[in-house]
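Visitor: Structure provided below as structure tokens; questions to follow.
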Amino acid sequence: MKLISLRIVGRGTTAWSSRKLVFGKRATQLFGPNGSGKTPLVQSIVFALGYKVEYRDDIIERCDDVILEVMVSDRKFIITRKVKRPFDVIVEDPDGATAEFISEREYSRFLLSLWRLEDPVLTTVASASTHIYSPQILPLFYLDQDHGYSDEYYSAQKFIKNQYAEAMRLVFSLGPRNSFDKRRARNELKDQLEYLDRAIIRSEKSMAELVSDLGGPRRSVPEINLDLKVAIDGLEALRGGGDLSEQVDVELDIRIARLQKQGRELAQERLELEARVRGFEQIKHEIEVEADTLSLNEEARRVFASFDAICASENCGLFVRSSATYGKSLLYLKDQIKDLERSNLIHQRRTNEIVRELSRLDLEISTARQERLDSVNQSSVATLVGAVSQLTEQVIQLRRASQLEEELIRIESDYVAKLDEREKVHSRLSNLDAHSSAADLDLLRIRTAIAERIKFWLGVLRTPNVSLDVQVDRDFNVVFGGQKVTKFKGSTLTRIILAIRTAAFDVVTQPENPGPRFFILDTPRQQDISRDDLAEYIKQIKLLASERSAQVIYSTTNHRYDQGQDDTEWTPDFVGLDHPMFLGIESPRL
């Protein structure tokens with residue numbers, strides 16, 4: 001966004017207005033004596049962009065509109081904001097269409113789109129959701145006379161958690177530090193993970209009870225139903241008469257064959273379970289090796305971070321993310337080991353059940369063979385009664401087994417689905433907590449660049465008694481040789497703040513970055529910065545504006561700086577009691 005012109009329109013018969021003031025392509029200098037109205041003009045620029053300005057009472061009573069023309073990608077927008085109303089902005093777009101904004105939120109969203117900035121959902125200091133507004137962004141590009149030179153970041157309202165860091169991250173396209181969406185998603189995933197853990201435990205308990213109720217080896221439902229059909233057909237054949245002895249012998253032979261088949265299947269299942277247990281033990285060993293490797297890497301990181309060349313300050317924060325990732329990865333591996341141990345326990349219990357079932361089957365086969373031998377010596381009636389009784393019991397048991405197996409299959413399917421879902425939720429939670437190395441490198445690159453430019457601008461401003469060991473932390477707070485900004489006072493503090501804000505503007509106006517491309521400076525107190533030092537600063541920031549195709553707007557009282565081809569000077573031309581004024585009644589003029 002480039003600034004084109006500014007105009008203030010008066011109200012009533014004693015209205016104060018300004019002429020149409022055109023901004024320079026590079027620099028705009030407001031030159032006039034104290035009390036000539038430079039500050040209201042500077043304030044009006046950011047006021048039109050949504051900033052909350054405390055105008056003097058006479059300005060509020062005599063001025064009606066602030067009209068700011070801006071250019072965005074060769075498209076001109078005309079912004080009109082009412083001075084006296086609570087919030088009322090009208091924007092005319094290049095096609096002549098107008099939109100009225102009576103909501104600060106909607107107007108801020110419109111400006112963010114013009115600045116090509118994201119509109120993330122952030123977290124308030126009260127842990128609620130919110131959006132960033134233009135008044136929270138503009139302090140990065142505007143230094144007012146009352147507060148702008150005494151704080152790294154001054155905002156009348158600080159309702160966003162880590163508000164300064166969030167504003168800086170936004171203009172550098174780094175992504176939010178405390179995304180409310182991410183926080184809400186994290187809590188939802190944790191709740192979902194807890195629910196799945198409880199559901200998985202319930203399913204495991206239900207499966208164990210059903211396996212115990214089956215009282216025998218696991219068989220497929222079609223296989224059970226086939227045995228059931230054979231038993232029912234045998235029962236019907238016995239009831240139908242014929243050679244009873246021969247039929248009973250056949251049924252006993254079928255029963256013995258079935259029992260032997262069950263024994264072979266159980267033995268095979270036992271072999272498979274034992275193989276799985278051995279495989280799980282191998283996987284567990286590999287995970288433990290990976291966990292040990294993680295621990296070694298963390299120890300190496302601590303040694304690496306102990307070198308002053310890498311982390312010059314105790315809380316440099318360079319490896320905070322890697323430490324967090326280490327802890328999460330280790331916790332994840334331990335969870336995997338617990339899952340394996342739980343599965344192993346289930347398999348071992350099943351193996352023990354199979355051993356008991358094989359013993360029972362051996363006994364039942366022996367009993368059936370003995371019955372086969374005894375049937376030769378029994379009467380036909382006695383043999384029939386015994387065979388019918390056994391087949392009837394078998395039919396009942398097989399029907400129950402079929403029902404239990406169907407229920408067990410249903411629960412097992414649900415159990416596997418929950419395990420898969422739990423794995424996905426765990427993965428999403430890990431990914432949500434992790435931060436990409438690319439984003440960390442971008443942040444580190446920007447912090448390093450700002451620190452280097454702070455040193456440069458401190459030199460331009462000839463700032464004495466300030467260490468050039470400049471460190472910028474992850475929240476963009478600056479430390480000079482271990483001393484925070486709050487430790488400095490007076491002229492030194494003014495120069496430090498000006499160096500910090502100019503350095504950030506220096507880096508953010510690089511071609512690849514979106515956002516505003518103007519830097520607005522109200523007059524710093526003359527006793528804080530000498531004329532020569534300020535002259536050198538103005539010279540250098542004009543060079544910066546030329547290199548970056550940006551604009552700098554500044555006011556001055558005691559010294560009139562030379563203007564270049566792309567520079568503009570605003571001077572007061574309304575008659576005042578003691579000196580010319582920037583605002584006045586339309587006529588007469590000087």
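In the structure tokens, chains take letters A, B, ... by order of appearance, with residues numbered from 1 within each chain and ligands from 1 in the order shown.
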Could you give me, as a compact mmCIF listing (two decimals) with N, CA and C atoms, in the first residue's frame, each residue of segment 29-240 of chain A that DSSP assigns to helix (DSSP H, G or I) when run on this structure's backbone?
Guide:
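Just written: part_1.txt:
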# COMPACT_ATOMS: atom_id res chain seq x y z
N LYS A 38 1.15 19.95 13.01
CA LYS A 38 1.79 18.80 12.35
C LYS A 38 1.27 17.48 12.90
N THR A 39 1.16 17.40 14.23
CA THR A 39 0.75 16.14 14.86
C THR A 39 -0.65 15.71 14.44
N PRO A 40 -1.67 16.62 14.39
CA PRO A 40 -2.98 16.17 13.91
C PRO A 40 -2.94 15.60 12.49
N LEU A 41 -2.09 16.15 11.61
CA LEU A 41 -1.99 15.61 10.26
C LEU A 41 -1.39 14.21 10.29
N VAL A 42 -0.30 14.04 11.06
CA VAL A 42 0.33 12.73 11.16
C VAL A 42 -0.66 11.72 11.76
N GLN A 43 -1.38 12.15 12.80
CA GLN A 43 -2.36 11.26 13.42
C GLN A 43 -3.46 10.87 12.43
N SER A 44 -3.84 11.81 11.57
CA SER A 44 -4.96 11.56 10.66
C SER A 44 -4.64 10.48 9.63
N ILE A 45 -3.35 10.32 9.30
CA ILE A 45 -2.99 9.27 8.35
C ILE A 45 -3.39 7.91 8.91
N VAL A 46 -2.95 7.63 10.16
CA VAL A 46 -3.25 6.32 10.75
C VAL A 46 -4.70 6.25 11.23
N PHE A 47 -5.29 7.41 11.56
CA PHE A 47 -6.71 7.42 11.95
C PHE A 47 -7.57 6.89 10.81
N ALA A 48 -7.25 7.29 9.58
CA ALA A 48 -8.01 6.81 8.42
C ALA A 48 -7.84 5.31 8.22
N ASP A 57 -9.83 18.53 21.63
CA ASP A 57 -11.27 18.85 21.56
C ASP A 57 -11.60 19.79 20.41
N ASP A 58 -10.72 20.79 20.14
CA ASP A 58 -11.03 21.73 19.07
C ASP A 58 -10.98 21.06 17.69
N ILE A 59 -10.13 20.04 17.53
CA ILE A 59 -10.09 19.29 16.27
C ILE A 59 -11.39 18.52 16.09
N ILE A 60 -11.85 17.88 17.17
CA ILE A 60 -13.09 17.09 17.10
C ILE A 60 -14.29 17.97 16.77
N GLU A 61 -14.32 19.18 17.33
CA GLU A 61 -15.48 20.06 17.12
C GLU A 61 -15.47 20.72 15.75
N ARG A 62 -14.29 20.97 15.16
CA ARG A 62 -14.24 21.75 13.93
C ARG A 62 -13.91 20.93 12.69
N GLU A 104 -15.13 -2.09 13.49
CA GLU A 104 -13.66 -2.10 13.42
C GLU A 104 -13.15 -3.44 12.90
N ARG A 105 -13.83 -4.51 13.27
CA ARG A 105 -13.41 -5.85 12.84
C ARG A 105 -13.49 -5.99 11.32
N GLU A 106 -14.62 -5.57 10.73
CA GLU A 106 -14.79 -5.70 9.29
C GLU A 106 -13.83 -4.80 8.53
N TYR A 107 -13.60 -3.60 9.05
CA TYR A 107 -12.67 -2.69 8.37
C TYR A 107 -11.24 -3.23 8.46
N SER A 108 -10.89 -3.78 9.60
CA SER A 108 -9.55 -4.37 9.75
C SER A 108 -9.38 -5.53 8.79
N ARG A 109 -10.40 -6.35 8.63
CA ARG A 109 -10.32 -7.48 7.71
C ARG A 109 -10.14 -6.97 6.27
N PHE A 110 -10.82 -5.87 5.93
CA PHE A 110 -10.65 -5.28 4.61
C PHE A 110 -9.22 -4.79 4.41
N LEU A 111 -8.65 -4.11 5.41
CA LEU A 111 -7.28 -3.61 5.29
C LEU A 111 -6.28 -4.75 5.20
N LEU A 112 -6.50 -5.80 5.97
CA LEU A 112 -5.59 -6.96 5.89
C LEU A 112 -5.56 -7.53 4.48
N SER A 113 -6.72 -7.56 3.84
CA SER A 113 -6.76 -8.07 2.47
C SER A 113 -6.00 -7.15 1.52
N LEU A 114 -6.11 -5.83 1.73
CA LEU A 114 -5.35 -4.88 0.90
C LEU A 114 -3.85 -5.03 1.14
N SER A 134 -6.27 -3.61 12.72
CA SER A 134 -5.25 -2.72 12.18
C SER A 134 -4.57 -1.88 13.27
N PRO A 135 -5.28 -1.43 14.34
CA PRO A 135 -4.58 -0.68 15.39
C PRO A 135 -3.48 -1.48 16.09
N GLN A 136 -3.52 -2.81 16.00
CA GLN A 136 -2.45 -3.62 16.60
C GLN A 136 -1.27 -3.79 15.63
N ILE A 137 -1.48 -3.52 14.34
CA ILE A 137 -0.42 -3.65 13.34
C ILE A 137 0.28 -2.32 13.10
N LEU A 138 -0.48 -1.22 13.08
CA LEU A 138 0.08 0.08 12.73
C LEU A 138 1.21 0.57 13.65
N PRO A 139 1.25 0.21 14.95
CA PRO A 139 2.39 0.65 15.76
C PRO A 139 3.74 0.17 15.25
N LEU A 140 3.75 -0.83 14.38
CA LEU A 140 5.01 -1.28 13.78
C LEU A 140 5.49 -0.29 12.72
N GLN A 163 0.89 -10.13 22.01
CA GLN A 163 0.38 -9.29 20.92
C GLN A 163 1.49 -8.76 20.01
N TYR A 164 2.60 -8.27 20.60
CA TYR A 164 3.71 -7.75 19.78
C TYR A 164 4.26 -8.84 18.88
N ALA A 165 4.48 -10.03 19.44
CA ALA A 165 5.00 -11.14 18.64
C ALA A 165 4.03 -11.52 17.54
N GLU A 166 2.73 -11.53 17.84
CA GLU A 166 1.73 -11.90 16.83
C GLU A 166 1.71 -10.87 15.69
N ALA A 167 1.81 -9.59 16.02
CA ALA A 167 1.82 -8.55 14.99
C ALA A 167 3.06 -8.69 14.11
N MET A 168 4.21 -8.91 14.72
CA MET A 168 5.45 -9.08 13.95
C MET A 168 5.39 -10.34 13.09
N ARG A 169 4.91 -11.43 13.65
CA ARG A 169 4.83 -12.68 12.89
C ARG A 169 3.88 -12.53 11.71
N LEU A 170 2.82 -11.75 11.89
CA LEU A 170 1.86 -11.55 10.81
C LEU A 170 2.50 -10.83 9.62
N VAL A 171 3.21 -9.71 9.89
CA VAL A 171 3.77 -8.94 8.78
C VAL A 171 4.94 -9.67 8.13
N PHE A 180 -5.68 -19.73 17.98
CA PHE A 180 -6.80 -20.27 18.76
C PHE A 180 -7.34 -21.53 18.12
N ASP A 181 -7.36 -21.55 16.77
CA ASP A 181 -7.81 -22.74 16.07
C ASP A 181 -6.94 -23.93 16.43
N LYS A 182 -5.64 -23.71 16.49
CA LYS A 182 -4.73 -24.80 16.82
C LYS A 182 -4.92 -25.22 18.27
N ARG A 183 -5.11 -24.26 19.15
CA ARG A 183 -5.33 -24.57 20.57
C ARG A 183 -6.62 -25.37 20.75
N ARG A 184 -7.68 -24.92 20.06
CA ARG A 184 -8.96 -25.63 20.15
C ARG A 184 -8.83 -27.02 19.55
N ALA A 185 -8.16 -27.11 18.40
CA ALA A 185 -7.98 -28.42 17.76
C ALA A 185 -7.17 -29.36 18.65
N ARG A 186 -6.15 -28.82 19.33
CA ARG A 186 -5.34 -29.64 20.22
C ARG A 186 -6.19 -30.19 21.37
N ASN A 187 -7.01 -29.33 21.96
CA ASN A 187 -7.87 -29.79 23.07
C ASN A 187 -8.88 -30.84 22.59
N GLU A 188 -9.45 -30.59 21.39
CA GLU A 188 -10.41 -31.56 20.86
C GLU A 188 -9.75 -32.90 20.58
N LEU A 189 -8.52 -32.88 20.06
CA LEU A 189 -7.81 -34.13 19.78
C LEU A 189 -7.46 -34.85 21.08
N LYS A 190 -7.09 -34.12 22.10
CA LYS A 190 -6.78 -34.75 23.39
C LYS A 190 -8.03 -35.41 23.98
N ASP A 191 -9.17 -34.72 23.88
CA ASP A 191 -10.43 -35.30 24.37
C ASP A 191 -10.78 -36.55 23.56
N GLN A 192 -10.57 -36.48 22.25
CA GLN A 192 -10.87 -37.62 21.39
C GLN A 192 -9.95 -38.79 21.72
N LEU A 193 -8.68 -38.50 21.99
CA LEU A 193 -7.72 -39.54 22.33
C LEU A 193 -8.10 -40.22 23.64
N GLU A 194 -8.54 -39.44 24.61
CA GLU A 194 -8.96 -39.99 25.90
C GLU A 194 -10.20 -40.88 25.73
N TYR A 195 -11.15 -40.43 24.91
CA TYR A 195 -12.35 -41.23 24.65
C TYR A 195 -11.99 -42.55 23.98
N LEU A 196 -11.10 -42.51 22.99
CA LEU A 196 -10.70 -43.73 22.29
C LEU A 196 -9.97 -44.69 23.22
N ASP A 197 -9.14 -44.17 24.11
CA ASP A 197 -8.44 -45.04 25.07
C ASP A 197 -9.43 -45.80 25.94
N ARG A 198 -10.45 -45.08 26.41
CA ARG A 198 -11.46 -45.74 27.26
C ARG A 198 -12.24 -46.77 26.44
N ALA A 199 -12.60 -46.41 25.20
CA ALA A 199 -13.37 -47.33 24.35
C ALA A 199 -12.55 -48.58 24.02
N ILE A 200 -11.25 -48.42 23.79
CA ILE A 200 -10.38 -49.56 23.48
C ILE A 200 -10.30 -50.51 24.67
N ILE A 201 -10.18 -49.96 25.86
CA ILE A 201 -10.12 -50.79 27.07
C ILE A 201 -11.43 -51.56 27.25
N ARG A 202 -12.56 -50.89 27.00
CA ARG A 202 -13.86 -51.57 27.11
C ARG A 202 -13.96 -52.70 26.09
N SER A 203 -13.49 -52.45 24.87
CA SER A 203 -13.54 -53.48 23.83
C SER A 203 -12.67 -54.67 24.19
N GLU A 204 -11.50 -54.41 24.74
CA GLU A 204 -10.61 -55.50 25.14
C GLU A 204 -11.26 -56.36 26.23
N LYS A 205 -11.93 -55.70 27.16
CA LYS A 205 -12.61 -56.44 28.22
C LYS A 205 -13.75 -57.29 27.66
N SER A 206 -14.52 -56.71 26.74
CA SER A 206 -15.64 -57.45 26.14
C SER A 206 -15.13 -58.63 25.33
N MET A 207 -14.04 -58.45 24.58
CA MET A 207 -13.48 -59.55 23.78
C MET A 207 -12.99 -60.68 24.67
N ALA A 208 -12.34 -60.32 25.78
CA ALA A 208 -11.84 -61.36 26.70
C ALA A 208 -13.00 -62.16 27.28
N GLU A 209 -14.10 -61.47 27.63
CA GLU A 209 -15.26 -62.17 28.19
C GLU A 209 -15.90 -63.10 27.15
N LEU A 210 -16.00 -62.64 25.90
CA LEU A 210 -16.59 -63.47 24.85
C LEU A 210 -15.73 -64.69 24.54
N VAL A 211 -14.42 -64.50 24.50
CA VAL A 211 -13.51 -65.64 24.27
C VAL A 211 -13.65 -66.66 25.38
N SER A 212 -13.79 -66.16 26.61
CA SER A 212 -13.97 -67.07 27.75
C SER A 212 -15.30 -67.80 27.64
N ASP A 213 -16.36 -67.11 27.19
CA ASP A 213 -17.67 -67.75 27.05
C ASP A 213 -17.68 -68.80 25.95
N LEU A 214 -16.86 -68.57 24.91
CA LEU A 214 -16.80 -69.56 23.84
C LEU A 214 -16.32 -70.91 24.36
N VAL A 221 -17.57 -68.27 11.52
CA VAL A 221 -19.01 -68.49 11.60
C VAL A 221 -19.49 -69.48 10.54
N PRO A 222 -19.03 -69.41 9.27
CA PRO A 222 -19.45 -70.43 8.29
C PRO A 222 -19.07 -71.85 8.70
N GLU A 223 -17.89 -71.99 9.32
CA GLU A 223 -17.45 -73.31 9.76
C GLU A 223 -18.35 -73.82 10.89
N ILE A 224 -18.67 -72.95 11.82
CA ILE A 224 -19.55 -73.34 12.93
C ILE A 224 -20.93 -73.71 12.38
N ASN A 225 -21.43 -72.91 11.44
CA ASN A 225 -22.75 -73.17 10.87
C ASN A 225 -22.77 -74.48 10.07
N LEU A 226 -21.63 -74.82 9.45
CA LEU A 226 -21.54 -76.09 8.73
C LEU A 226 -21.65 -77.25 9.70
N ASP A 227 -20.89 -77.17 10.83
CA ASP A 227 -20.99 -78.20 11.86
C ASP A 227 -22.40 -78.28 12.44
N LEU A 228 -23.02 -77.11 12.57
CA LEU A 228 -24.38 -77.06 13.09
C LEU A 228 -25.35 -77.79 12.15
N LYS A 229 -25.17 -77.56 10.84
CA LYS A 229 -26.04 -78.23 9.86
C LYS A 229 -25.83 -79.74 9.90
N VAL A 230 -24.56 -80.17 10.02
CA VAL A 230 -24.26 -81.62 10.09
C VAL A 230 -24.93 -82.23 11.32
N ALA A 231 -24.84 -81.52 12.45
CA ALA A 231 -25.44 -82.03 13.69
C ALA A 231 -26.95 -82.12 13.58
N ILE A 232 -27.57 -81.07 13.00
CA ILE A 232 -29.03 -81.09 12.85
C ILE A 232 -29.46 -82.20 11.89
N ASP A 233 -28.69 -82.34 10.78
CA ASP A 233 -29.02 -83.42 9.83
C ASP A 233 -28.88 -84.79 10.48
N GLY A 234 -27.83 -84.95 11.31
CA GLY A 234 -27.63 -86.22 12.01
C GLY A 234 -28.75 -86.51 12.98
N LEU A 235 -29.20 -85.46 13.66
CA LEU A 235 -30.29 -85.60 14.62
C LEU A 235 -31.57 -86.00 13.90
N GLU A 236 -31.84 -85.39 12.74
CA GLU A 236 -33.03 -85.75 11.97
C GLU A 236 -32.95 -87.18 11.45
N ALA A 237 -31.73 -87.59 11.05
CA ALA A 237 -31.55 -88.96 10.54
C ALA A 237 -31.82 -89.99 11.62
N LEU A 238 -31.35 -89.69 12.85
CA LEU A 238 -31.59 -90.61 13.97
C LEU A 238 -33.07 -90.72 14.27
N ARG A 239 -33.76 -89.59 14.19
CA ARG A 239 -35.19 -89.62 14.48
C ARG A 239 -35.97 -90.34 13.37
Visitor: If you count only C-alpha atoms, which residues fall within 9 Å of Glu274 of chain A, apart from same-chain ones fewer than 4 positions away, as number ranges by chain?
Guide: A: 269-270, 278-279, 347-348, 351
Visitor: Output N, CA, C and O atoms of each residue in that selection to a file, as a PDB file, in the first residue's frame.
Guide:
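Output file again-v1.pdb is given in full below:
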ATOM      1  N   GLU A 269      -3.090 -72.287  15.529  1.00  0.00           N
ATOM      2  CA  GLU A 269      -3.258 -70.962  16.108  1.00  0.00           C
ATOM      3  C   GLU A 269      -2.210 -70.694  17.176  1.00  0.00           C
ATOM      4  O   GLU A 269      -1.671 -69.595  17.283  1.00  0.00           O
ATOM      5  N   ARG A 270      -1.902 -71.721  17.953  1.00  0.00           N
ATOM      6  CA  ARG A 270      -0.885 -71.583  18.991  1.00  0.00           C
ATOM      7  C   ARG A 270       0.469 -71.242  18.379  1.00  0.00           C
ATOM      8  O   ARG A 270       1.191 -70.362  18.876  1.00  0.00           O
ATOM      9  N   ARG A 278       6.981 -63.492  19.437  1.00  0.00           N
ATOM     10  CA  ARG A 278       8.411 -63.309  19.148  1.00  0.00           C
ATOM     11  C   ARG A 278       8.631 -62.066  18.270  1.00  0.00           C
ATOM     12  O   ARG A 278       9.578 -61.304  18.479  1.00  0.00           O
ATOM     13  N   GLY A 279       7.732 -61.834  17.296  1.00  0.00           N
ATOM     14  CA  GLY A 279       7.847 -60.652  16.443  1.00  0.00           C
ATOM     15  C   GLY A 279       7.659 -59.360  17.222  1.00  0.00           C
ATOM     16  O   GLY A 279       8.382 -58.380  17.024  1.00  0.00           O
ATOM     17  N   HIS A 347      -2.116 -62.038  23.673  1.00  0.00           N
ATOM     18  CA  HIS A 347      -1.695 -63.247  22.951  1.00  0.00           C
ATOM     19  C   HIS A 347      -1.248 -64.346  23.909  1.00  0.00           C
ATOM     20  O   HIS A 347      -1.525 -65.538  23.686  1.00  0.00           O
ATOM     21  N   GLN A 348      -0.538 -63.968  24.964  1.00  0.00           N
ATOM     22  CA  GLN A 348      -0.085 -64.977  25.929  1.00  0.00           C
ATOM     23  C   GLN A 348      -1.271 -65.610  26.659  1.00  0.00           C
ATOM     24  O   GLN A 348      -1.286 -66.819  26.917  1.00  0.00           O
ATOM     25  N   THR A 351      -2.808 -68.014  24.288  1.00  0.00           N
ATOM     26  CA  THR A 351      -1.978 -69.225  24.175  1.00  0.00           C
ATOM     27  C   THR A 351      -2.245 -70.168  25.341  1.00  0.00           C
ATOM     28  O   THR A 351      -2.371 -71.393  25.164  1.00  0.00           O
TER      29      THR A 351
END
Visitor: Kindly indicate which residue among A:Ser366, A:Ser173, A:Gln268, A:Gln282 lies nearest to Glu512 of chain A, using only C-alpha atoms for the distances.
Guide: A:Ser173
Visitor: Show me, as a VMD selection string, the residues that have an atom within 10 Å of Met1 of chain A when counting only C-alpha atoms, minus same-chain residues fewer than 6 positions from it.
Guide: chain A and resid 70 to 76 111 114 to 116 514 to 518 550 to 551
Visitor: Nearest residue to Ala449 of chain A out of A:Arg56, A:Ser467, A:Val508, A:Asp253, using only C-alpha atoms?
Guide: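 When distances to Ala449 of chain A are compared using only C-alpha atoms, the smallest one comes from A:Val508.
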Visitor: So that I can check the surroundings of Ala97 of chain A, please list as a ChimeraX atom specification every protein, DNA and RNA residue that reaches within 12 Å of it, counting only C-alpha atoms and ignoring chain neighbours fewer than 6 positions away.
Guide: /A:76-78,90-91
Visitor: Suppose we keep N, CA and C atoms; can you now write the selection as a PDB file, in the first residue's frame?
Guide:
ATOM      1  N   LYS A  76      -6.548   2.660  -7.065  1.00  0.00           N
ATOM      2  CA  LYS A  76      -6.689   3.734  -6.080  1.00  0.00           C
ATOM      3  C   LYS A  76      -7.974   3.550  -5.270  1.00  0.00           C
ATOM      4  N   PHE A  77      -7.813   3.674  -3.950  1.00  0.00           N
ATOM      5  CA  PHE A  77      -8.942   3.611  -3.028  1.00  0.00           C
ATOM      6  C   PHE A  77      -9.017   4.941  -2.283  1.00  0.00           C
ATOM      7  N   ILE A  78     -10.237   5.434  -2.089  1.00  0.00           N
ATOM      8  CA  ILE A  78     -10.443   6.676  -1.333  1.00  0.00           C
ATOM      9  C   ILE A  78     -11.122   6.313  -0.013  1.00  0.00           C
ATOM     10  N   ILE A  90     -15.952   5.058   5.126  1.00  0.00           N
ATOM     11  CA  ILE A  90     -16.470   4.781   3.790  1.00  0.00           C
ATOM     12  C   ILE A  90     -15.292   4.626   2.843  1.00  0.00           C
ATOM     13  N   VAL A  91     -15.294   3.543   2.076  1.00  0.00           N
ATOM     14  CA  VAL A  91     -14.211   3.282   1.128  1.00  0.00           C
ATOM     15  C   VAL A  91     -14.788   3.239  -0.275  1.00  0.00           C
TER      16      VAL A  91
END
